[in-house]
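K.L.:
There's a structure below that I have some questions on.
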Amino acid sequence: MLEDSGFTDIVIGEAVDTFGGATGEDKARAFEVYGYAFMARRPA
Amino acid sequence: MARDLLVDPDALREQVRSKYREVAVDPGAGFHFHTGRGLASRLGYQADAVNTLPDRAVESFAGVGNPFSLRRLAPGEKVVDVGSGAGFDSFIAASQVGPGGHVIGVDMTAEMLAKSRQTAEALGLGQVEFREGLAEALPVADGWADVAISNGVINLCADKQAVFAEILRVLRPGGRLQFADIANGRPVPAEALRDIDLWTG
């Protein structure tokens, strides 16, 4: 979707266990939900 | 041509406002996600940066990742924080860009805006301001920003293409988008994707 929107140079960081230990953990585990950092650039 | 969205954007916004209004005024109430200093530590924020902030700047933080983990902001940069909440990431950004930079936090929830503005005033941060607005209609001029940041917000927007198009508009050519958000490794059933209650709960 980032590429479709016109961004380039896309970088994705390591997965982070955002919901571990929270009450939403079970639902997150069911769908393998993790947090990620993303970086992209508007073309010059 | 209108896109086929999974849920009604206005209904979703109202649900998000309701949830995050509670996070602003009663951050210790207990939610399905972590909040506050413990969350910031879990997500890898630098302790020295977080420790300098007062509780009111951190307690309502409810991000899902660390937008600064792939690149630290540079002094003097102009930054838009899309869905700035109570301002935690905006304050971290302000510390990185310094007094020569500028940070505009944009949020749609009145209680979050009030809290972030009061904190900015208490901290005496002249390089930070907070504006009311939507991720799909940012109150920022074309090409103003060197960097757009966001944390756990875009997944709560019904029309993600509209959000990315709006971020592209406010970035200068060559500007960067640095954001954190959730992604699922297993597919979510179609009926669940259209259940608005599951978007925020």
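Residue numbers start at 1 in each chain; chains themselves are named A, B, ... in the order of the structure tokens; ligands are numbered from 1 in the order shown.
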Would you mind listing, as an MDAnalysis selection string, all residues of chain A that have at least one atom within 7 Å of chain B, where only C-alpha atoms are what counts?
P.N.:
chainID A and resid 5 13 16 18:19 22:24 31:44
K.L.:
Take the residues from that selection and put them in a file with N, CA and C atoms, as a PDB file, in the first residue's frame.
P.N.:
ATOM      1  N   SER A   5       0.842   4.130  -2.894  1.00  0.00           N
ATOM      2  CA  SER A   5       0.579   5.524  -2.555  1.00  0.00           C
ATOM      3  C   SER A   5       1.683   6.462  -3.036  1.00  0.00           C
ATOM      4  N   GLY A  13      11.115  -2.512  10.164  1.00  0.00           N
ATOM      5  CA  GLY A  13      11.927  -2.930  11.303  1.00  0.00           C
ATOM      6  C   GLY A  13      11.510  -4.287  11.847  1.00  0.00           C
ATOM      7  N   VAL A  16       7.840  -6.332  17.091  1.00  0.00           N
ATOM      8  CA  VAL A  16       7.834  -6.069  18.529  1.00  0.00           C
ATOM      9  C   VAL A  16       6.578  -6.695  19.119  1.00  0.00           C
ATOM     10  N   THR A  18       4.035  -6.209  20.912  1.00  0.00           N
ATOM     11  CA  THR A  18       3.306  -5.070  21.461  1.00  0.00           C
ATOM     12  C   THR A  18       2.292  -5.481  22.532  1.00  0.00           C
ATOM     13  N   PHE A  19       1.621  -6.601  22.311  1.00  0.00           N
ATOM     14  CA  PHE A  19       0.499  -6.962  23.183  1.00  0.00           C
ATOM     15  C   PHE A  19       0.851  -8.019  24.230  1.00  0.00           C
ATOM     16  N   ALA A  22      -0.631  -8.148  27.861  1.00  0.00           N
ATOM     17  CA  ALA A  22      -1.832  -7.303  27.952  1.00  0.00           C
ATOM     18  C   ALA A  22      -3.071  -8.187  27.817  1.00  0.00           C
ATOM     19  N   THR A  23      -4.221  -7.635  28.158  1.00  0.00           N
ATOM     20  CA  THR A  23      -5.442  -8.449  28.058  1.00  0.00           C
ATOM     21  C   THR A  23      -5.785  -8.768  26.604  1.00  0.00           C
ATOM     22  N   GLY A  24      -5.244  -8.020  25.671  1.00  0.00           N
ATOM     23  CA  GLY A  24      -5.479  -8.306  24.253  1.00  0.00           C
ATOM     24  C   GLY A  24      -4.518  -9.312  23.661  1.00  0.00           C
ATOM     25  N   PHE A  31      -3.877 -14.076  15.616  1.00  0.00           N
ATOM     26  CA  PHE A  31      -3.646 -13.580  14.252  1.00  0.00           C
ATOM     27  C   PHE A  31      -2.202 -13.113  14.043  1.00  0.00           C
ATOM     28  N   GLU A  32      -1.328 -13.525  14.979  1.00  0.00           N
ATOM     29  CA  GLU A  32       0.098 -13.175  14.888  1.00  0.00           C
ATOM     30  C   GLU A  32       0.278 -11.670  14.669  1.00  0.00           C
ATOM     31  N   VAL A  33      -0.332 -10.905  15.542  1.00  0.00           N
ATOM     32  CA  VAL A  33      -0.257  -9.450  15.435  1.00  0.00           C
ATOM     33  C   VAL A  33       0.950  -8.934  16.222  1.00  0.00           C
ATOM     34  N   TYR A  34       1.794  -8.191  15.545  1.00  0.00           N
ATOM     35  CA  TYR A  34       2.964  -7.570  16.175  1.00  0.00           C
ATOM     36  C   TYR A  34       3.064  -6.122  15.707  1.00  0.00           C
ATOM     37  N   GLY A  35       3.848  -5.356  16.445  1.00  0.00           N
ATOM     38  CA  GLY A  35       4.116  -3.988  16.045  1.00  0.00           C
ATOM     39  C   GLY A  35       5.384  -3.920  15.201  1.00  0.00           C
ATOM     40  N   TYR A  36       5.417  -2.991  14.277  1.00  0.00           N
ATOM     41  CA  TYR A  36       6.582  -2.812  13.400  1.00  0.00           C
ATOM     42  C   TYR A  36       6.828  -1.313  13.206  1.00  0.00           C
ATOM     43  N   ALA A  37       8.086  -0.974  13.030  1.00  0.00           N
ATOM     44  CA  ALA A  37       8.429   0.381  12.580  1.00  0.00           C
ATOM     45  C   ALA A  37       8.620   0.333  11.064  1.00  0.00           C
ATOM     46  N   PHE A  38       8.137   1.365  10.407  1.00  0.00           N
ATOM     47  CA  PHE A  38       8.249   1.474   8.952  1.00  0.00           C
ATOM     48  C   PHE A  38       8.911   2.811   8.620  1.00  0.00           C
ATOM     49  N   MET A  39       9.668   2.813   7.555  1.00  0.00           N
ATOM     50  CA  MET A  39      10.207   4.082   7.058  1.00  0.00           C
ATOM     51  C   MET A  39      10.087   4.083   5.536  1.00  0.00           C
ATOM     52  N   ALA A  40       9.706   5.204   4.993  1.00  0.00           N
ATOM     53  CA  ALA A  40       9.548   5.340   3.545  1.00  0.00           C
ATOM     54  C   ALA A  40       9.812   6.791   3.171  1.00  0.00           C
ATOM     55  N   ARG A  41       9.973   7.023   1.898  1.00  0.00           N
ATOM     56  CA  ARG A  41      10.367   8.359   1.445  1.00  0.00           C
ATOM     57  C   ARG A  41       9.438   8.843   0.335  1.00  0.00           C
ATOM     58  N   ARG A  42       9.118  10.139   0.369  1.00  0.00           N
ATOM     59  CA  ARG A  42       8.458  10.743  -0.778  1.00  0.00           C
ATOM     60  C   ARG A  42       9.529  10.986  -1.841  1.00  0.00           C
ATOM     61  N   PRO A  43       9.297  10.545  -3.070  1.00  0.00           N
ATOM     62  CA  PRO A  43      10.325  10.746  -4.092  1.00  0.00           C
ATOM     63  C   PRO A  43      10.730  12.221  -4.207  1.00  0.00           C
ATOM     64  N   ALA A  44      12.025  12.459  -4.427  1.00  0.00           N
ATOM     65  CA  ALA A  44      12.520  13.841  -4.525  1.00  0.00           C
ATOM     66  C   ALA A  44      12.046  14.480  -5.830  1.00  0.00           C
TER      67      ALA A  44
END
K.L.:
If you count only C-alpha atoms, which residues fall within 8 Å of Gly133 (chain B), apart from same-chain ones fewer than 6 positions away, as a list in words?
P.N.:
Val106, Asp107, Met108 and Pro139 of chain B
K.L.:
Mind dumping the selected residues with C-alpha atoms as a PDB file, in the first residue's frame?
P.N.:
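Output file out_7.pdb follows:
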ATOM      1  CA  VAL B 106      -2.577  16.477  14.891  1.00  0.00           C
ATOM      2  CA  ASP B 107      -5.352  14.650  16.703  1.00  0.00           C
ATOM      3  CA  MET B 108      -9.134  14.407  16.495  1.00  0.00           C
ATOM      4  CA  PRO B 139      -4.241  20.916   8.826  1.00  0.00           C
TER       5      PRO B 139
END
K.L.:
Could you write out, as an NGL selection string, all the residues of region 62-144 of chain B that DSSP marks as strand (DSSP E or B)?
P.N.:
:B and (78-82 or 102-107 or 128-132 or 134 or 137)
K.L.:
Could you pull out the alpha helix (DSSP H) residues of region 22-117 of chain B, going by DSSP on the backbone, and write them as JSON, numbers by chain?
P.N.:
{"B": [22, 23, 24, 25, 36, 37, 38, 39, 40, 41, 42, 47, 48, 49, 50, 51, 55, 56, 57, 58, 88, 89, 90, 91, 92, 93, 94, 95, 96, 97, 110, 111, 112, 113, 114, 115, 116, 117]}
K.L.:
Okay, now the selection with N, CA and C atoms, as an mmCIF file, in the first residue's frame?
P.N.:
data_model
loop_
_atom_site.group_PDB
_atom_site.id
_atom_site.type_symbol
_atom_site.label_atom_id
_atom_site.label_comp_id
_atom_site.auth_asym_id
_atom_site.auth_seq_id
_atom_site.Cartn_x
_atom_site.Cartn_y
_atom_site.Cartn_z
ATOM 1 N N GLU B 22 -11.089 7.933 26.826
ATOM 2 C CA GLU B 22 -10.896 7.238 28.098
ATOM 3 C C GLU B 22 -9.402 7.105 28.418
ATOM 4 N N VAL B 23 -8.601 6.816 27.400
ATOM 5 C CA VAL B 23 -7.147 6.706 27.617
ATOM 6 C C VAL B 23 -6.583 8.050 28.082
ATOM 7 N N ALA B 24 -7.146 9.148 27.585
ATOM 8 C CA ALA B 24 -6.666 10.487 27.977
ATOM 9 C C ALA B 24 -7.026 10.822 29.414
ATOM 10 N N VAL B 25 -8.266 10.569 29.788
ATOM 11 C CA VAL B 25 -8.730 11.053 31.105
ATOM 12 C C VAL B 25 -8.527 10.027 32.210
ATOM 13 N N GLY B 36 1.623 3.845 28.804
ATOM 14 C CA GLY B 36 2.529 4.526 29.718
ATOM 15 C C GLY B 36 3.994 4.128 29.639
ATOM 16 N N ARG B 37 4.687 4.321 30.762
ATOM 17 C CA ARG B 37 6.141 4.117 30.789
ATOM 18 C C ARG B 37 6.523 2.659 30.517
ATOM 19 N N GLY B 38 5.742 1.731 31.034
ATOM 20 C CA GLY B 38 6.041 0.323 30.777
ATOM 21 C C GLY B 38 5.984 0.000 29.296
ATOM 22 N N LEU B 39 5.012 0.559 28.614
ATOM 23 C CA LEU B 39 4.901 0.343 27.164
ATOM 24 C C LEU B 39 6.086 0.974 26.437
ATOM 25 N N ALA B 40 6.452 2.193 26.827
ATOM 26 C CA ALA B 40 7.581 2.859 26.168
ATOM 27 C C ALA B 40 8.851 2.019 26.303
ATOM 28 N N SER B 41 9.038 1.432 27.468
ATOM 29 C CA SER B 41 10.206 0.567 27.675
ATOM 30 C C SER B 41 10.114 -0.680 26.796
ATOM 31 N N ARG B 42 8.946 -1.295 26.756
ATOM 32 C CA ARG B 42 8.722 -2.495 25.939
ATOM 33 C C ARG B 42 9.017 -2.234 24.470
ATOM 34 N N ALA B 47 15.520 5.203 27.520
ATOM 35 C CA ALA B 47 15.053 5.535 28.867
ATOM 36 C C ALA B 47 15.374 6.970 29.246
ATOM 37 N N ASP B 48 16.537 7.459 28.835
ATOM 38 C CA ASP B 48 16.889 8.820 29.257
ATOM 39 C C ASP B 48 15.949 9.852 28.645
ATOM 40 N N ALA B 49 15.458 9.586 27.442
ATOM 41 C CA ALA B 49 14.519 10.517 26.818
ATOM 42 C C ALA B 49 13.159 10.467 27.503
ATOM 43 N N VAL B 50 12.735 9.260 27.853
ATOM 44 C CA VAL B 50 11.416 9.106 28.484
ATOM 45 C C VAL B 50 11.443 9.627 29.925
ATOM 46 N N ASN B 51 12.546 9.377 30.611
ATOM 47 C CA ASN B 51 12.626 9.755 32.028
ATOM 48 C C ASN B 51 12.573 11.258 32.255
ATOM 49 N N ASP B 55 4.914 12.566 34.143
ATOM 50 C CA ASP B 55 3.940 11.480 34.002
ATOM 51 C C ASP B 55 2.826 11.829 33.020
ATOM 52 N N ARG B 56 2.342 13.046 33.061
ATOM 53 C CA ARG B 56 1.200 13.391 32.212
ATOM 54 C C ARG B 56 1.554 13.307 30.727
ATOM 55 N N ALA B 57 2.839 13.386 30.391
ATOM 56 C CA ALA B 57 3.257 13.285 28.992
ATOM 57 C C ALA B 57 3.375 11.840 28.537
ATOM 58 N N VAL B 58 3.425 10.908 29.493
ATOM 59 C CA VAL B 58 3.704 9.505 29.165
ATOM 60 C C VAL B 58 2.527 8.583 29.480
ATOM 61 N N PHE B 88 3.025 12.161 23.506
ATOM 62 C CA PHE B 88 4.287 11.509 23.865
ATOM 63 C C PHE B 88 5.301 11.516 22.720
ATOM 64 N N ASP B 89 4.914 11.022 21.550
ATOM 65 C CA ASP B 89 5.862 10.979 20.434
ATOM 66 C C ASP B 89 6.231 12.384 19.957
ATOM 67 N N SER B 90 5.310 13.325 20.058
ATOM 68 C CA SER B 90 5.635 14.708 19.674
ATOM 69 C C SER B 90 6.711 15.280 20.593
ATOM 70 N N PHE B 91 6.630 14.942 21.887
ATOM 71 C CA PHE B 91 7.639 15.448 22.824
ATOM 72 C C PHE B 91 8.994 14.778 22.597
ATOM 73 N N ILE B 92 8.977 13.479 22.278
ATOM 74 C CA ILE B 92 10.230 12.809 21.925
ATOM 75 C C ILE B 92 10.811 13.461 20.654
ATOM 76 N N ALA B 93 9.944 13.705 19.668
ATOM 77 C CA ALA B 93 10.385 14.353 18.428
ATOM 78 C C ALA B 93 10.964 15.732 18.714
ATOM 79 N N ALA B 94 10.312 16.478 19.596
ATOM 80 C CA ALA B 94 10.785 17.829 19.928
ATOM 81 C C ALA B 94 12.178 17.788 20.539
ATOM 82 N N SER B 95 12.445 16.768 21.342
ATOM 83 C CA SER B 95 13.764 16.664 21.962
ATOM 84 C C SER B 95 14.826 16.338 20.913
ATOM 85 N N GLN B 96 14.443 15.652 19.852
ATOM 86 C CA GLN B 96 15.408 15.282 18.816
ATOM 87 C C GLN B 96 15.645 16.423 17.821
ATOM 88 N N VAL B 97 14.595 17.147 17.448
ATOM 89 C CA VAL B 97 14.783 18.230 16.461
ATOM 90 C C VAL B 97 15.302 19.497 17.119
ATOM 91 N N ALA B 110 -10.707 15.628 21.486
ATOM 92 C CA ALA B 110 -10.555 16.875 22.239
ATOM 93 C C ALA B 110 -9.779 16.676 23.530
ATOM 94 N N GLU B 111 -10.050 15.593 24.224
ATOM 95 C CA GLU B 111 -9.381 15.367 25.514
ATOM 96 C C GLU B 111 -7.885 15.136 25.332
ATOM 97 N N MET B 112 -7.503 14.460 24.266
ATOM 98 C CA MET B 112 -6.078 14.262 23.978
ATOM 99 C C MET B 112 -5.424 15.598 23.637
ATOM 100 N N LEU B 113 -6.091 16.399 22.815
ATOM 101 C CA LEU B 113 -5.533 17.699 22.441
ATOM 102 C C LEU B 113 -5.343 18.590 23.663
ATOM 103 N N ALA B 114 -6.349 18.619 24.537
ATOM 104 C CA ALA B 114 -6.244 19.457 25.738
ATOM 105 C C ALA B 114 -5.068 19.014 26.599
ATOM 106 N N LYS B 115 -4.914 17.705 26.739
ATOM 107 C CA LYS B 115 -3.827 17.191 27.578
ATOM 108 C C LYS B 115 -2.467 17.511 26.958
ATOM 109 N N SER B 116 -2.316 17.302 25.656
ATOM 110 C CA SER B 116 -1.026 17.548 25.014
ATOM 111 C C SER B 116 -0.674 19.035 25.047
ATOM 112 N N ARG B 117 -1.663 19.890 24.847
ATOM 113 C CA ARG B 117 -1.377 21.334 24.865
ATOM 114 C C ARG B 117 -0.958 21.793 26.258
#
K.L.:
Calculate how many Å separate CA of Glu59 (chain B) from CA of Lys19 (chain B), rounding to one decimal.
P.N.:
15.1 Å
